[in-house]
Structures are given as C-alpha cells and as structure tokens.
Amino acid sequence: MKEFIKKLNKLISIIIRTKNEEEWITKCLQAVFAQKDVRIEVIIVDNKSSDTTLSRAKEFDVKIIEIDKYLPGLALNYGISNSNGEIICCLSGHCVPTDEYWLTNLIKPLSNKEIAGTYGRQVPTENSDPLDVRDLVMLFRNESFIQSVDSFFHNANSAFLKSTWLEFPFCDESTNIEDRIWGEQIIKSGYKIAYVSEACVYHWHGVNHGLDRSRAKNIARILDKISNLKPKEDNSKNLKFTTCLAIIPIKGETVSFQEISLLEKTINSLKSTNLVNEIIVTTDNEKTAKKAEDLGVRFLMRPDSLSTSNTSLADVLKFTLEELENKGEFYDIVAVAEEIYPFRNKEIVKNMIELMLSGKSDTIYAAWEEKRITWYGTNDELEVLGGNSWVIKKNKNEDNVLTSLTGYLLLVKPSQIRKKSLFSSVTEAYVIKDPIAVLAIHSQSELERVINHFRKTINL
C-alpha cells in the first residue's frame, strides 16, 4: 500500500466535523498529524462551537470552515468540496486514532476498484460508559471483511475516493444516518464496502443510546475480559486529561498571622501534587496580589463588578478562565481551592485531581458526610433533612447528609465554568473523613484563636 500511495502521490483530505469538542480535538489532531507514510491536509468543518474547539484547532496546520446550519451530509459535502485531496477521510472530532498507521490501513482497500468506501473499527476508552462499551465492542468486530450486501457504513471513521464522492455525494437533507444512506446507494450500484479492523480509533461515546444500563454493565464487564476484543496496543490510558489549572479566589486581603500564611499553605498543597500546571490567584486586592507574586505564582486582578455581594464563585471562575483562554492558555480541568482550609490533606488533594484527570466526572467536590440528625427550615417548621440519632424516633430520611466543601477543593471542566453551571452533568462527591482537615478559617482573628488554642493544647 505504501508503494501505491507513493506512486500516485495522492493527497488525503481528512474532514473533521466539530461542535464543542474542546475535550478531544487536541488529542484527535495530535494523533492525525502523527500518521506515517501519508500526505494529508486537514479540514475542520465547525458548527458554531461556543467553547475553545477552534482556538485549540488553530494550534495545528488545519483549514477551518464554519457553518451556521448543521446537517451531517451537508457538512461533509461542504468540507469535501473545499478539499484538494484525491482520497477523502471522514473523522469525528471526538475520535482519536489508536496508532500511527490508522490512515494507511483505512485507505488500503481503496486500491481495489470494486470497493467504493471503507470504514474502520471504533473502540471505547478506558472510561467509557458501560452502554457505549457494549455497543462499540459488539458492533465493531476485530476482524476485517468485505460487504457486498450489507450497506452499513460509519462516517466517524471512514474513507473513499473523491471521484466516488463526485458520483455519490452525501444526502444534503438528512438529519442523521447520512452514512447509512450513502452505503445503501453504494451497494445498490454494485460496489462493495470494506470494514477495516486495523484502522482503529477510540470513540468516547457509543452509536446507540438508552436501553438497560444494569444489563449493559454486566455485558461490559464480560467483554472487558476478552483480550482479543481490544486493540493490539491499548493506549486508551493516554487519552486521560493532562493539564490542570488551579485557581485560588480571594476577596480582600489574604489571611496571615505571624509566620503562618493561609495563601502559602494553599499554594504548597497544590504544588505538592505535581499535577498542577499553573496556579492563578484571582483577587481584588493589591496586597494579596503582591503576596501571590512573592510566593511565586501568578495573579489576576478582577474588576470591582466581581467583588459585590451578588458575585458568585461561578462569576469569578468564568472571568478568570476567559482571561487566560484569550491569551491562548487552555487546560483540561480546573481545580479551585480557597485559602480558608489550612489543614487540607495534601494526599487527598492529589487523589482528587488524579480522579478528575481520569475523565470520569464533569465535577468533583470535597464533601463532609454528616451522620448526625440534620434539620432544615425555621424554628416553627423544622423538618429532618437526614441522619440518625438515638435521641429521637427513626425518621423517613435516614440517609446521611453530604455537605459540600467547595473551598476545600472543587474540580471542574472548563465547559462547566463557561456555562456557570458547576454542579450539573456528572457530579461526584469526595468525602473527607478527617474533622481537623475541614476546619475553615476566614479571618486573621480566627487564625489567631486557632493557633493560640493549639499552642495551649500542646503545652498541656
């Protein structure tokens, strides 16, 4: 096949459709540009991405086409019509080739004039939902074959000659399954379709949705034990998030007493993990900014409008993130830590960041599990929120209550910050069990009292 490509000197145009793919586009393009023995151009067809997809894509040698109306076939046709290659490859913006020969394997069958199109294998990532694991493993087999009757085709990972597309363009009006419609045309016209298991990509979500989740989990566990259903080289662990931004929001002057600085302790707890790429102190106070600078971290002065009583944490985080992204700084996850928890456990901070970097959750927050009876409401209308106690009758709300300790550590994806929706989507609580670690100090007087208390206790 190498000789086939070199002889014809064929340029391959890779068409990648995107919409808000900031979590995957960098990994996708890194894998695409790592392909060997091929000459490529990459065309991004983007449908109004509101995240950093395009900013991240521009870090690569790509052509970007922006569209206002999205129909799958129309988007592909538009991208292909703006391409220069004799061979066309379609790739989803959230698919990542598993090796450096994905593309050569994918186009190899096209040297056979009877084969009009090829599509490759899709495998789940290490953290894929059980439903997706089941769907992908059972649909995309580990053995290549030729289809002369079955018209199944999948444009998340496909290829064909441009001359074939000129004869059989994709349906402009279909709202979905444009690839299946195309495959049906190909088969009815007497051509064949090749499924190439060696042309493999990681695909984070499945091709079917819904169905029985518990049953899917059992099937996924069974499938995971069958070794030959996995790619020869399973690099899915490399798809984990890798860059972490830490934001320390402080309103007013940072708290310190004698030789103890709460900001310094917070910075040290983050640095000790060796997982944080950048620490930013976002503040409205010049003394706090100077302290951050003295401690070797960057600061960002926020406007007065973000220091009012109505200002939320989400407002401050959104401002900080956008300021950095406007400078071309992009991160996979954001860690938020307030200086008010001087006794936070460094190992727990590390464990929480590692868990977030695995990509399983959109938000992870530190929490305290309250097992005692917890009430809510006013004195004349109190109701039990949860917990249990021998001093009162058992109640219907016996579950323990989780109290969020957002300032201890909050881990969130940038997309959640932009939406100012920190606790939506997949949210996970990380329970802190050490009562000393969750002690919060908000002022110098509180810090002084705590220090004096501990000194007296030690002297006793």
# chains A, B, ... in the order shown; residues from 1 in each chain; ligands from 1
>>> select_by_dssp(residues="stretch 49-139 of chain A", states="helix (DSSP H, G or I)", output="number ranges by chain")
A: 53-57, 72-81, 102-111, 130-139
>>> write_last_selection(atoms="C-alpha atoms", output="CSV table (one decimal), in the first residue's frame")
chain,number,residue,atom,x,y,z
A,53,THR,CA,-12.5,24.0,20.0
A,54,LEU,CA,-11.4,26.4,17.2
A,55,SER,CA,-8.7,28.1,19.3
A,56,ARG,CA,-7.2,24.7,20.1
A,57,ALA,CA,-7.5,23.5,16.4
A,72,PRO,CA,-24.4,15.8,8.7
A,73,GLY,CA,-24.2,15.1,4.9
A,74,LEU,CA,-24.3,18.8,4.1
A,75,ALA,CA,-21.4,19.5,6.4
A,76,LEU,CA,-19.3,16.7,4.8
A,77,ASN,CA,-20.2,17.8,1.3
A,78,TYR,CA,-19.2,21.3,2.1
A,79,GLY,CA,-15.9,20.2,3.6
A,80,ILE,CA,-15.1,17.8,0.7
A,81,SER,CA,-15.9,20.5,-1.9
A,102,TRP,CA,-4.5,4.1,11.2
A,103,LEU,CA,-4.8,6.1,7.9
A,104,THR,CA,-2.7,3.8,5.7
A,105,ASN,CA,-4.7,0.8,6.9
A,106,LEU,CA,-8.0,2.7,6.3
A,107,ILE,CA,-7.3,3.6,2.7
A,108,LYS,CA,-5.5,0.4,1.7
A,109,PRO,CA,-8.7,-1.4,0.3
A,110,LEU,CA,-9.4,1.5,-2.0
A,111,SER,CA,-6.7,0.2,-4.4
A,130,PRO,CA,-20.9,0.7,30.0
A,131,LEU,CA,-23.6,1.2,27.4
A,132,ASP,CA,-21.1,2.6,25.0
A,133,VAL,CA,-18.6,-0.2,25.7
A,134,ARG,CA,-21.2,-2.8,24.9
A,135,ASP,CA,-22.4,-1.0,21.7
A,136,LEU,CA,-18.9,-0.4,20.3
A,137,VAL,CA,-17.4,-3.8,21.1
A,138,MET,CA,-20.3,-5.7,19.7
A,139,LEU,CA,-20.8,-3.6,16.6
>>> residues_around(residues="A:His442", least_positions_apart="3", cutoff="10 Å", atoms="only C-alpha atoms", output="ChimeraX atom specification")
/A:254-255,262,338-341,445-447
>>> write_last_selection(atoms="C-alpha atoms", output="JSON list (two decimals), in the first residue's frame")
[["chain", "number", "residue", "atom", "x", "y", "z"],
["A", 254, "THR", "CA", -5.15, 37.31, 52.27],
["A", 255, "VAL", "CA", -5.19, 35.96, 55.83],
["A", 262, "LEU", "CA", -3.05, 30.69, 54.52],
["A", 338, "GLU", "CA", -9.83, 28.69, 48.75],
["A", 339, "GLU", "CA", -7.23, 29.61, 51.35],
["A", 340, "ILE", "CA", -9.67, 29.03, 54.23],
["A", 341, "TYR", "CA", -8.71, 25.36, 54.72],
["A", 445, "SER", "CA", -8.73, 36.75, 64.33],
["A", 446, "GLU", "CA", -9.97, 33.20, 63.71],
["A", 447, "LEU", "CA", -6.48, 32.11, 62.68]]
>>> closest_residue(among="A:Glu354, A:Asp99, A:Glu184, A:Asp304", to="A:Glu198", atoms="only C-alpha atoms")
A:Asp99
>>> residues_around(residues="A:Leu275", least_positions_apart="4", cutoff="12 Å", atoms="only C-alpha atoms", output="PyMOL selection string")
chain A and resi 241-246+269-271+279+332-335+346-347+349-357
>>> write_last_selection(atoms="C-alpha atoms", output="compact mmCIF listing (two decimals), in the first residue's frame")
# COMPACT_ATOMS: atom_id res chain seq x y z
CA PHE A 241 -6.72 14.69 30.67
CA THR A 242 -3.24 16.04 31.29
CA THR A 243 -3.37 19.76 32.07
CA CYS A 244 -4.70 21.25 35.29
CA LEU A 245 -5.18 24.91 36.16
CA ALA A 246 -5.56 25.81 39.84
CA SER A 269 -0.83 21.85 48.98
CA LEU A 270 -1.46 22.27 45.25
CA LYS A 271 2.19 22.22 44.22
CA ILE A 279 -1.67 28.40 39.76
CA ASP A 332 -8.32 20.17 30.55
CA ILE A 333 -9.54 20.64 34.12
CA VAL A 334 -9.71 23.44 36.68
CA ALA A 335 -9.01 23.00 40.40
CA LYS A 346 -2.19 17.04 50.52
CA GLU A 347 -2.66 13.37 49.66
CA VAL A 349 -5.81 16.85 47.04
CA LYS A 350 -3.60 14.65 44.86
CA ASN A 351 -6.10 11.79 44.83
CA MET A 352 -8.95 14.10 43.85
CA ILE A 353 -7.00 15.66 40.98
CA GLU A 354 -5.95 12.22 39.71
CA LEU A 355 -9.58 11.12 39.79
CA MET A 356 -10.65 14.18 37.81
CA LEU A 357 -7.85 13.72 35.28
>>> select_by_dssp(residues="stretch 291-420 of chain A", states="strand (DSSP E or B)", output="PyMOL selection string")
chain A and resi 298-301+333-336+363-370+374-376+383-386+401-404+410-412
>>> closest_residue(among="A:Thr164, A:Thr118, A:Asn47, A:Asn84", to="A:Leu11", atoms="only C-alpha atoms")
A:Asn84
>>> atom_distance(atom1="atom CA of A:Ser163", atom2="atom CA of A:Asp61")
25.1 Å
>>> atom_distance(atom1="atom CA of A:Ile248", atom2="atom CA of A:Leu410")
10.7 Å
>>> closest_residue(among="A:Ile348, A:Ala194, A:Cys28, A:Leu166", to="A:Thr273", atoms="only C-alpha atoms")
A:Ile348
>>> closest_residue(among="A:Val401, A:Glu381, A:Phe257, A:Glu323", to="A:Ile451", atoms="only C-alpha atoms")
A:Phe257
>>> closest_residue(among="A:Glu253, A:Glu100, A:Glu114, A:Glu59", to="A:Lys287", atoms="only C-alpha atoms")
A:Glu253
>>> closest_residue(among="A:Val42, A:Leu317, A:Val431, A:Val336", to="A:Ser404", atoms="only C-alpha atoms")
A:Val431
>>> atom_distance(atom1="atom CA of A:Asn326", atom2="atom CA of A:Ile267")
24.3 Å
